[in-house]
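In what follows, a single structure is set out as structure tokens and then discussed.
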There are 2 protein chains.
Amino acid sequence: MTDTLRIGVAGLGTVGAGLLRLLAANRDLIATRCGRQIAVTAVSARDRAKDRGVDISGFGWFQDPVALARDADIDVFVELIGGEDGVAKEAVEAALGAGKPVVTANKALLARHGNRLARLAEAHGVALNFEAAVAGGIPIVKAMRESFAGNRARRVYGILNGTCNYILTHMEREGRDFEAVLADAQALGYAEADPTFDVGGYDTAHKLALLTSLAFGTEVDFDSIYIEGIENIKPQDLRVAAELGFRIKLLGVALQTESGIEQRVHPTMVPVHSPIADVDGVFNAVALECDFLGDVMLEGRGAGAGPTASSVMADIIDIARGHTLPPFGQPASKLKPYVRARMRAHAGGYYVALDVYDRPGSIASIAQRMAEQEISLESILQRAPDISSEVARDTNGARAETRPVVLITHDTLEKSIRKALERIERDGHISRPPRMIRIERL
Amino acid sequence: MTDTLRIGVAGLGTVGAGLLRLLAANRDLIATRCGRQIAVTAVSARDRAKDRGVDISGFGWFQDPVALARDADIDVFVELIGGEDGVAKEAVEAALGAGKPVVTANKALLARHGNRLARLAEAHGVALNFEAAVAGGIPIVKAMRESFAGNRARRVYGILNGTCNYILTHMEREGRDFEAVLADAQALGYAEADPTFDVGGYDTAHKLALLTSLAFGTEVDFDSIYIEGIENIKPQDLRVAAELGFRIKLLGVALQTESGIEQRVHPTMVPVHSPIADVDGVFNAVALECDFLGDVMLEGRGAGAGPTASSVMADIIDIARGHTLPPFGQPASKLKPYVRARMRAHAGGYYVALDVYDRPGSIASIAQRMAEQEISLESILQRAPDISSEVARDTNGARAETRPVVLITHDTLEKSIRKALERIERDGHISRPPRMIRIERL
């Protein structure tokens, strides 16, 4: 057995405490598997006295995570503080600069600064591992860096946020509104008090930025991601989708096209028989399509102390075993610049839900606007079941009944559907803005 | 860039030819990811002249794979010959003995000789990688060796044979008999002319033997596996299972119990809402339950040139990157002897299908036999729909009508259900041997 690998852990929230518990429970097992002991030497957190359910009295204590990162008595720095800037970034830079490998669960940090941090890690010949940053316990980072490395990727997509998936699953099962299910999720601890980061799609986008880079060998480019959250999804959308053979999931998708790579996060209609359609509740899943392997999907727990700590531990074990790879699977200097395929050039089918004033000619006019953009319709549902008609005021202020109308288009361009919907709205046949959900062919 | 890694490939069937195609198509991509070139130097197969759709004229040729394995001009030996003994084994031993890392897709070889070959590889400090031996393109071996290495496993299970899954999926969808669907599968090339190895569960058992070792750190013990194939499954079993909220899959299961580890391959009733229930057709999936990670499942293509070649390539890439681990994730000398939990001690629920003579007292007698073994029944279906009654001869040679009866038991012991069924058969109330399918709580 070689020397003990000495770990410094900064951040003792759910995941940090989980990591200490994991190491305490499975120390011997891990030592056998690694051929050496792994031991936490020192920790850092905001409050030393806080009860975390684990005894930290045996570890060295640093009030300042940056000082811990530089400490000569640790071999690996584990960053579980979070946040895209500030002390997390400073500490990671300090550790890498001091030639210490870093393990982090911080997707925001890497989505923003991944290119630079990867170059810094490689310049010092050390690992920057982040399995826990994407999809919790699911080993997708390693799979993409190593297991799928013989393949050329075409598309990677995933359910990357358990909060959104919980909400959509329960809206569908119970026919309840977004707001009501969100309140439940908050009460159960599945959603934050301020849920914007999750339900608005930003957390998914952070993870997608990393998956894109791993899949296509491009620089991380978070700012180019098209992001749409789940706030506007209605229970009737889920119901109509089911009737049409689809389910609605918040997906992060990166797709190689002729003009570049699409990166997009949005509610997505997925065929009910596709494997990802069955991923429910707080589970996450990541699927990859590539040239030789074909389709593969990994499914598991995307958050929580145990699963996330399991991934952090896997990254530490790699370091203990002397296994160091470039963070994004190839040297940072060889990552290609990300070439964005613009969202307006996206091609696909669309689900469009309209509240149409119930008067002669409105449907004809809508169909005409679609035809002008050369959009052909796969189906028109003029009265989705269980959706009562509403009374609204039309553009002239008169009371008018509206009826829900759902259109499913054949493949068309995003710019065409947007232009058609803009015209339809201007024509005054609908009582509120249209809802549009993209269909993903899987 | 360091030196080119020189590969010798023995066996140019589907997978071998696929590997040559993969390397030709993605050579530059792989070189960027590995930091070095990977090139096939020499090959060996039975017939040099055979058209494989790939040009092999640029490679060295060896009639004898054992000579190729020892050749000084190769750095890695890739064994794609197959078979648990004979030349495949000889060649692998020769390569390891010459200090050359080996990559193999040969599950039979490893299920039989894995312990000894692992020790041989470790004695020479070289890799013995076998990602392609279990579940084709699914990266389960690496995930278990590396990504889940911080966890203690409780259960690993999987759909590991695409032929069986194809047959069961189509029997269920089309309501057709085993024999008819098997004939289709043979015509489509999804089943061999002699299908015993697949449909009898032996192929699944080979793969399970390796998964057990990876999950629990025990020596490979193929001979202890309880094996039952899918030959006796009837379309009505699939139909009744569906009504009861189950699907029937051929699973390989390894489960840690108090008395040891169960290893079993048998048709299994899985809850319709469990992720593995949705894995259809030729797809494979492996699921793992462990202490920190919780549940995780990997799903993908379990066979075929591309997916299998992708896994072989991943193993080669690991070697190119200098990443060598003990074959079963910990030193072979530290693998614990496998302690078998006997099948008779297996605890679980059971589906029992009986053809019961339609006369007074037969059901009462059957229920009594169950009660004697302290088996409590969750449900009794006295007349499964769409199953017509049959005319058979009872034990006295008289003509008698039979009715299908299905019993679902609460959890009980295998030895109890076997004893009960033995008595029921002896009592003469049923016209043919009972069919029993184990229920797995997932």
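Labeling convention for the structure tokens: chains A, B, ... as they appear, residues from 1 per chain, ligands from 1 in order of appearance.
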Mind running chain B against chain A at 8 Å and telling me each contacting residue's nearest atom pair with the distance in Å (one decimal), counting only C-alpha atoms, chain and number ascending, as CSV?
```
residue,atom,partner,partner_atom,distance
B:Leu22,CA,A:Phe292,CA,7.0
B:Leu23,CA,A:Gly150,CA,7.8
B:Asn26,CA,A:Gly150,CA,6.9
B:Leu29,CA,A:Gly150,CA,7.7
B:Ile30,CA,A:Gly150,CA,5.9
B:Thr32,CA,A:Gln330,CA,6.4
B:Arg33,CA,A:Gln330,CA,4.6
B:Cys34,CA,A:Gln330,CA,7.3
B:Gly35,CA,A:Gln330,CA,7.8
B:Gly137,CA,A:Leu293,CA,5.9
B:Ile138,CA,A:Val296,CA,7.0
B:Pro139,CA,A:Ser147,CA,6.0
B:Lys142,CA,A:Ser147,CA,7.5
B:Ala143,CA,A:Pro139,CA,6.9
B:Glu146,CA,A:Ala314,CA,6.4
B:Ser147,CA,A:Ala314,CA,5.0
B:Phe148,CA,A:Ala314,CA,6.5
B:Ala149,CA,A:Ala314,CA,6.3
B:Gly150,CA,A:Met313,CA,5.8
B:Asn151,CA,A:Ser310,CA,6.9
B:Arg152,CA,A:Asn26,CA,7.3
B:Pro275,CA,A:Asp278,CA,7.3
B:Asp278,CA,A:Pro275,CA,7.3
B:Val279,CA,A:Pro275,CA,7.6
B:Asp291,CA,A:Gly306,CA,7.9
B:Phe292,CA,A:Gly306,CA,4.3
B:Leu293,CA,A:Pro307,CA,4.0
B:Gly294,CA,A:Pro307,CA,6.5
B:Asp295,CA,A:Gly300,CA,5.9
B:Val296,CA,A:Gly300,CA,4.3
B:Met297,CA,A:Glu299,CA,5.2
B:Leu298,CA,A:Leu298,CA,4.5
B:Glu299,CA,A:Met297,CA,5.2
B:Gly300,CA,A:Val296,CA,4.3
B:Arg301,CA,A:Asp295,CA,6.9
B:Gly306,CA,A:Phe292,CA,4.3
B:Pro307,CA,A:Leu293,CA,4.0
B:Thr308,CA,A:Leu293,CA,7.4
B:Ala309,CA,A:Phe292,CA,7.5
B:Ser310,CA,A:Leu293,CA,5.6
B:Ser311,CA,A:Ser147,CA,6.8
B:Met313,CA,A:Gly150,CA,5.8
B:Ala314,CA,A:Ser147,CA,5.0
B:Asp315,CA,A:Ser147,CA,7.8
B:Ile317,CA,A:Glu146,CA,7.5
B:Asp318,CA,A:Glu146,CA,7.2
B:His323,CA,A:His323,CA,6.2
B:Gly329,CA,A:Arg33,CA,6.1
B:Gln330,CA,A:Arg33,CA,4.6
B:Pro331,CA,A:Arg33,CA,7.5
B:Lys334,CA,A:Thr32,CA,7.6
```
For those residues, write C-alpha atoms to a file as a PDB file, in the first residue's frame.
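Done, and the output landed in selection-v9.pdb:
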```pdb
ATOM      1  CA  LEU B  22     -14.388   2.231 -35.946  1.00  0.00           C
ATOM      2  CA  LEU B  23     -10.679   2.842 -35.796  1.00  0.00           C
ATOM      3  CA  ASN B  26     -12.460   7.916 -35.832  1.00  0.00           C
ATOM      4  CA  LEU B  29     -10.632  11.957 -32.879  1.00  0.00           C
ATOM      5  CA  ILE B  30      -9.290   9.104 -30.777  1.00  0.00           C
ATOM      6  CA  THR B  32      -6.696  13.754 -29.867  1.00  0.00           C
ATOM      7  CA  ARG B  33      -8.506  12.222 -26.912  1.00  0.00           C
ATOM      8  CA  CYS B  34      -5.653   9.843 -26.031  1.00  0.00           C
ATOM      9  CA  GLY B  35      -2.720  12.061 -26.824  1.00  0.00           C
ATOM     10  CA  GLY B 137     -22.042  -1.011 -25.566  1.00  0.00           C
ATOM     11  CA  ILE B 138     -23.174  -0.313 -22.003  1.00  0.00           C
ATOM     12  CA  PRO B 139     -20.202   0.871 -19.918  1.00  0.00           C
ATOM     13  CA  LYS B 142     -16.017   0.657 -15.921  1.00  0.00           C
ATOM     14  CA  ALA B 143     -18.906   2.122 -13.940  1.00  0.00           C
ATOM     15  CA  GLU B 146     -14.562   3.053 -10.965  1.00  0.00           C
ATOM     16  CA  SER B 147     -17.677   5.197 -10.732  1.00  0.00           C
ATOM     17  CA  PHE B 148     -19.437   3.181  -8.029  1.00  0.00           C
ATOM     18  CA  ALA B 149     -16.250   2.202  -6.176  1.00  0.00           C
ATOM     19  CA  GLY B 150     -17.172   4.281  -3.120  1.00  0.00           C
ATOM     20  CA  ASN B 151     -20.304   2.194  -2.559  1.00  0.00           C
ATOM     21  CA  ARG B 152     -21.243  -1.113  -1.021  1.00  0.00           C
ATOM     22  CA  PRO B 275     -37.269   1.382 -15.013  1.00  0.00           C
ATOM     23  CA  ASP B 278     -39.493  -0.548 -19.994  1.00  0.00           C
ATOM     24  CA  VAL B 279     -36.344  -1.971 -21.563  1.00  0.00           C
ATOM     25  CA  ASP B 291     -25.689   2.188  -0.073  1.00  0.00           C
ATOM     26  CA  PHE B 292     -24.889   5.784  -1.019  1.00  0.00           C
ATOM     27  CA  LEU B 293     -25.649   6.025  -4.715  1.00  0.00           C
ATOM     28  CA  GLY B 294     -29.067   4.390  -4.355  1.00  0.00           C
ATOM     29  CA  ASP B 295     -30.493   3.142  -7.652  1.00  0.00           C
ATOM     30  CA  VAL B 296     -28.843   3.591 -10.982  1.00  0.00           C
ATOM     31  CA  MET B 297     -29.525   1.983 -14.352  1.00  0.00           C
ATOM     32  CA  LEU B 298     -27.597   1.941 -17.609  1.00  0.00           C
ATOM     33  CA  GLU B 299     -29.467   1.061 -20.790  1.00  0.00           C
ATOM     34  CA  GLY B 300     -28.228   0.577 -24.332  1.00  0.00           C
ATOM     35  CA  ARG B 301     -27.458  -1.783 -27.134  1.00  0.00           C
ATOM     36  CA  GLY B 306     -20.879  -0.939 -33.470  1.00  0.00           C
ATOM     37  CA  PRO B 307     -21.813  -1.006 -29.775  1.00  0.00           C
ATOM     38  CA  THR B 308     -19.511  -3.905 -28.962  1.00  0.00           C
ATOM     39  CA  ALA B 309     -16.621  -2.376 -30.909  1.00  0.00           C
ATOM     40  CA  SER B 310     -17.236   0.874 -29.011  1.00  0.00           C
ATOM     41  CA  SER B 311     -16.647  -0.954 -25.719  1.00  0.00           C
ATOM     42  CA  MET B 313     -12.228   0.609 -28.154  1.00  0.00           C
ATOM     43  CA  ALA B 314     -12.894   2.159 -24.729  1.00  0.00           C
ATOM     44  CA  ASP B 315     -10.797  -0.593 -23.151  1.00  0.00           C
ATOM     45  CA  ILE B 317      -8.192   3.816 -24.982  1.00  0.00           C
ATOM     46  CA  ASP B 318      -7.790   3.180 -21.249  1.00  0.00           C
ATOM     47  CA  HIS B 323      -4.922   3.581 -17.045  1.00  0.00           C
ATOM     48  CA  GLY B 329     -11.735  -3.619  -9.493  1.00  0.00           C
ATOM     49  CA  GLN B 330      -9.554  -4.818  -6.623  1.00  0.00           C
ATOM     50  CA  PRO B 331      -6.487  -7.049  -6.511  1.00  0.00           C
ATOM     51  CA  LYS B 334      -8.154  -9.749  -2.214  1.00  0.00           C
TER      52      LYS B 334
END
```
| In stretch 169-376 of chain A, DSSP alpha helix (DSSP H) residues written as a PyMOL selection string | chain A and resi 169-174+178-187+196-199+202-216+235-243+305-320+362-372
| Leaving out A:Pro267 and any residue of its chain fewer than 6 positions from it, which residues lie within 10 Å of it when counting only C-alpha atoms, given as an MDAnalysis selection string? | chainID A and resid 164 168 201 227:233 247:252 436:439
Output for the residues just chosen: N, CA and C atoms as a tab-separated table (two decimals), in the first residue's frame:
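That gives us out.tsv:
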```
chain	number	residue	atom	x	y	z
A	164	CYS	N	-37.60	20.16	-11.59
A	164	CYS	CA	-38.49	20.29	-12.74
A	164	CYS	C	-39.16	18.96	-13.06
A	168	LEU	N	-43.20	18.36	-13.17
A	168	LEU	CA	-43.90	17.92	-14.38
A	168	LEU	C	-44.57	16.57	-14.17
A	201	GLY	N	-34.80	26.82	-15.79
A	201	GLY	CA	-33.94	26.09	-16.72
A	201	GLY	C	-32.45	26.41	-16.60
A	227	ILE	N	-32.51	29.17	-23.44
A	227	ILE	CA	-33.10	28.67	-22.19
A	227	ILE	C	-34.56	29.07	-22.05
A	228	GLU	N	-35.40	28.09	-21.79
A	228	GLU	CA	-36.82	28.32	-21.53
A	228	GLU	C	-37.20	27.40	-20.37
A	229	GLY	N	-37.91	27.92	-19.38
A	229	GLY	CA	-38.26	27.11	-18.21
A	229	GLY	C	-39.63	26.46	-18.35
A	230	ILE	N	-40.10	25.89	-17.24
A	230	ILE	CA	-41.36	25.14	-17.27
A	230	ILE	C	-42.54	25.92	-16.70
A	231	GLU	N	-42.30	27.21	-16.40
A	231	GLU	CA	-43.33	27.97	-15.67
A	231	GLU	C	-44.64	28.09	-16.42
A	232	ASN	N	-44.60	28.05	-17.74
A	232	ASN	CA	-45.84	28.29	-18.49
A	232	ASN	C	-46.57	27.03	-18.93
A	233	ILE	N	-46.04	25.88	-18.52
A	233	ILE	CA	-46.71	24.62	-18.90
A	233	ILE	C	-48.01	24.48	-18.10
A	247	ARG	N	-44.88	12.74	-23.89
A	247	ARG	CA	-44.83	13.31	-22.54
A	247	ARG	C	-43.99	14.58	-22.62
A	248	ILE	N	-44.16	15.44	-21.64
A	248	ILE	CA	-43.42	16.71	-21.64
A	248	ILE	C	-42.36	16.67	-20.55
A	249	LYS	N	-41.12	16.86	-20.94
A	249	LYS	CA	-39.99	16.86	-20.01
A	249	LYS	C	-39.18	18.13	-20.24
A	250	LEU	N	-38.56	18.64	-19.19
A	250	LEU	CA	-37.59	19.71	-19.41
A	250	LEU	C	-36.28	19.04	-19.81
A	251	LEU	N	-35.89	19.20	-21.07
A	251	LEU	CA	-34.64	18.60	-21.54
A	251	LEU	C	-33.59	19.68	-21.76
A	252	GLY	N	-32.36	19.29	-21.52
A	252	GLY	CA	-31.22	20.01	-22.08
A	252	GLY	C	-30.76	19.19	-23.28
A	436	MET	N	-45.99	27.39	-27.05
A	436	MET	CA	-45.34	26.57	-28.07
A	436	MET	C	-44.38	25.60	-27.38
A	437	ILE	N	-44.50	24.33	-27.68
A	437	ILE	CA	-43.59	23.35	-27.08
A	437	ILE	C	-42.92	22.57	-28.20
A	438	ARG	N	-41.62	22.48	-28.14
A	438	ARG	CA	-40.88	21.80	-29.21
A	438	ARG	C	-40.97	20.27	-29.07
A	439	ILE	N	-41.07	19.62	-30.20
A	439	ILE	CA	-41.13	18.15	-30.23
A	439	ILE	C	-39.75	17.63	-30.58
```
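Across the structure, atom CA of A:Val181 and atom CA of A:Val406 are spaced 24.0 Å apart.
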| task | Skip B:Leu96 itself and residues of its chain fewer than 4 positions away, then list as number ranges by chain all residues within 7 Å of it, counting only C-alpha atoms. | result | B: 92, 100-102, 120-121, 124
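Neighbours of A:Ser259 closer than or equal to 12 Å, with only C-alpha atoms counted and sequence neighbours fewer than 4 positions away skipped, come out as A:Leu255, A:Tyr338, A:Val339, A:Arg340, A:Ala341, A:Arg342, A:Met343, A:Arg344, A:Ala345, A:His346, A:Ala347.
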| task | Give me the residues within 12 Å of B:Arg418 as a list in words, counting only C-alpha atoms and dropping any in the same chain fewer than 2 places off. | result | Met343, Arg344, Ala345, His346, Tyr350, Val352, Arg369, Met370, Gln373, Ile375, Thr412, Leu413, Glu414, Lys415, Ser416, Ala420, Leu421, Glu422, Arg423, Ile424, Glu425, Pro433, Pro434, Arg435, Met436, Ile437 and Arg438 of chain B
| request: Run DSSP on the backbone and grab whatever in stretch 76-272 of chain B lands in strand (DSSP E); send it over as number ranges by chain. | output: B: 76-79, 102-104, 128-129, 153-159, 226-227, 246-257, 260-271
| request: Fewer than 5 positions away in the same chain doesn't count, so skip those; otherwise give me all residues within 10 Å of stretch 222-225 of chain B, counting only C-alpha atoms, as number ranges by chain. | output: B: 108, 110-114, 202, 205-210, 212, 252-254, 262-265, 338-343
Writer output for current selection, N, CA and C atoms, as a compact mmCIF listing (two decimals), in the first residue's frame:
```txt
# COMPACT_ATOMS: atom_id res chain seq x y z
N ALA B 108 -17.59 -16.02 -21.79
CA ALA B 108 -17.50 -17.42 -21.40
C ALA B 108 -16.12 -17.71 -20.80
N LEU B 110 -14.07 -15.63 -19.34
CA LEU B 110 -13.88 -14.99 -18.03
C LEU B 110 -14.78 -15.60 -16.96
N ALA B 111 -15.98 -16.04 -17.36
CA ALA B 111 -16.86 -16.67 -16.38
C ALA B 111 -16.24 -17.97 -15.87
N ARG B 112 -15.49 -18.64 -16.76
CA ARG B 112 -14.85 -19.90 -16.38
C ARG B 112 -13.48 -19.72 -15.75
N HIS B 113 -12.70 -18.83 -16.30
CA HIS B 113 -11.29 -18.75 -15.92
C HIS B 113 -10.89 -17.36 -15.42
N GLY B 114 -11.88 -16.53 -15.09
CA GLY B 114 -11.61 -15.14 -14.73
C GLY B 114 -10.66 -14.98 -13.55
N TYR B 202 -27.91 -19.28 -20.35
CA TYR B 202 -26.48 -19.49 -20.07
C TYR B 202 -25.64 -18.25 -20.39
N ALA B 205 -26.05 -15.88 -17.69
CA ALA B 205 -25.32 -16.34 -16.50
C ALA B 205 -23.83 -16.02 -16.60
N HIS B 206 -23.26 -16.17 -17.77
CA HIS B 206 -21.85 -15.80 -17.95
C HIS B 206 -21.61 -14.35 -17.55
N LYS B 207 -22.51 -13.49 -18.03
CA LYS B 207 -22.35 -12.05 -17.75
C LYS B 207 -22.61 -11.77 -16.28
N LEU B 208 -23.62 -12.44 -15.73
CA LEU B 208 -23.92 -12.23 -14.31
C LEU B 208 -22.74 -12.60 -13.42
N ALA B 209 -22.05 -13.68 -13.77
CA ALA B 209 -20.90 -14.12 -12.97
C ALA B 209 -19.88 -12.99 -12.84
N LEU B 210 -19.69 -12.23 -13.93
CA LEU B 210 -18.72 -11.14 -13.91
C LEU B 210 -19.26 -9.95 -13.12
N THR B 212 -21.35 -10.03 -10.64
CA THR B 212 -21.33 -10.36 -9.22
C THR B 212 -19.97 -10.07 -8.61
N GLY B 252 -30.77 -11.51 -14.90
CA GLY B 252 -29.70 -12.05 -14.08
C GLY B 252 -29.66 -11.20 -12.82
N VAL B 253 -29.69 -11.84 -11.66
CA VAL B 253 -29.75 -11.09 -10.39
C VAL B 253 -28.67 -11.62 -9.45
N ALA B 254 -27.92 -10.71 -8.85
CA ALA B 254 -27.03 -11.08 -7.74
C ALA B 254 -27.42 -10.23 -6.55
N GLU B 262 -26.91 -14.52 -3.49
CA GLU B 262 -27.70 -15.26 -4.48
C GLU B 262 -27.22 -14.86 -5.86
N GLN B 263 -27.04 -15.84 -6.73
CA GLN B 263 -26.81 -15.56 -8.15
C GLN B 263 -27.85 -16.37 -8.90
N ARG B 264 -28.71 -15.69 -9.63
CA ARG B 264 -29.77 -16.43 -10.29
C ARG B 264 -30.16 -15.79 -11.61
N VAL B 265 -30.49 -16.65 -12.55
CA VAL B 265 -30.96 -16.23 -13.87
C VAL B 265 -32.30 -16.92 -14.07
N TYR B 338 -16.43 -16.74 -3.01
CA TYR B 338 -17.88 -16.54 -3.18
C TYR B 338 -18.63 -17.47 -2.23
N VAL B 339 -19.49 -16.89 -1.40
CA VAL B 339 -20.32 -17.70 -0.51
C VAL B 339 -21.73 -17.69 -1.07
N ARG B 340 -22.17 -18.87 -1.41
CA ARG B 340 -23.43 -19.01 -2.11
C ARG B 340 -24.63 -19.00 -1.15
N ALA B 341 -25.61 -18.15 -1.45
CA ALA B 341 -26.89 -18.27 -0.77
C ALA B 341 -27.70 -19.25 -1.58
N ARG B 342 -28.12 -20.33 -0.97
CA ARG B 342 -28.76 -21.40 -1.74
C ARG B 342 -30.13 -20.98 -2.24
N MET B 343 -30.46 -21.46 -3.42
CA MET B 343 -31.71 -21.07 -4.05
C MET B 343 -32.91 -21.45 -3.18
```
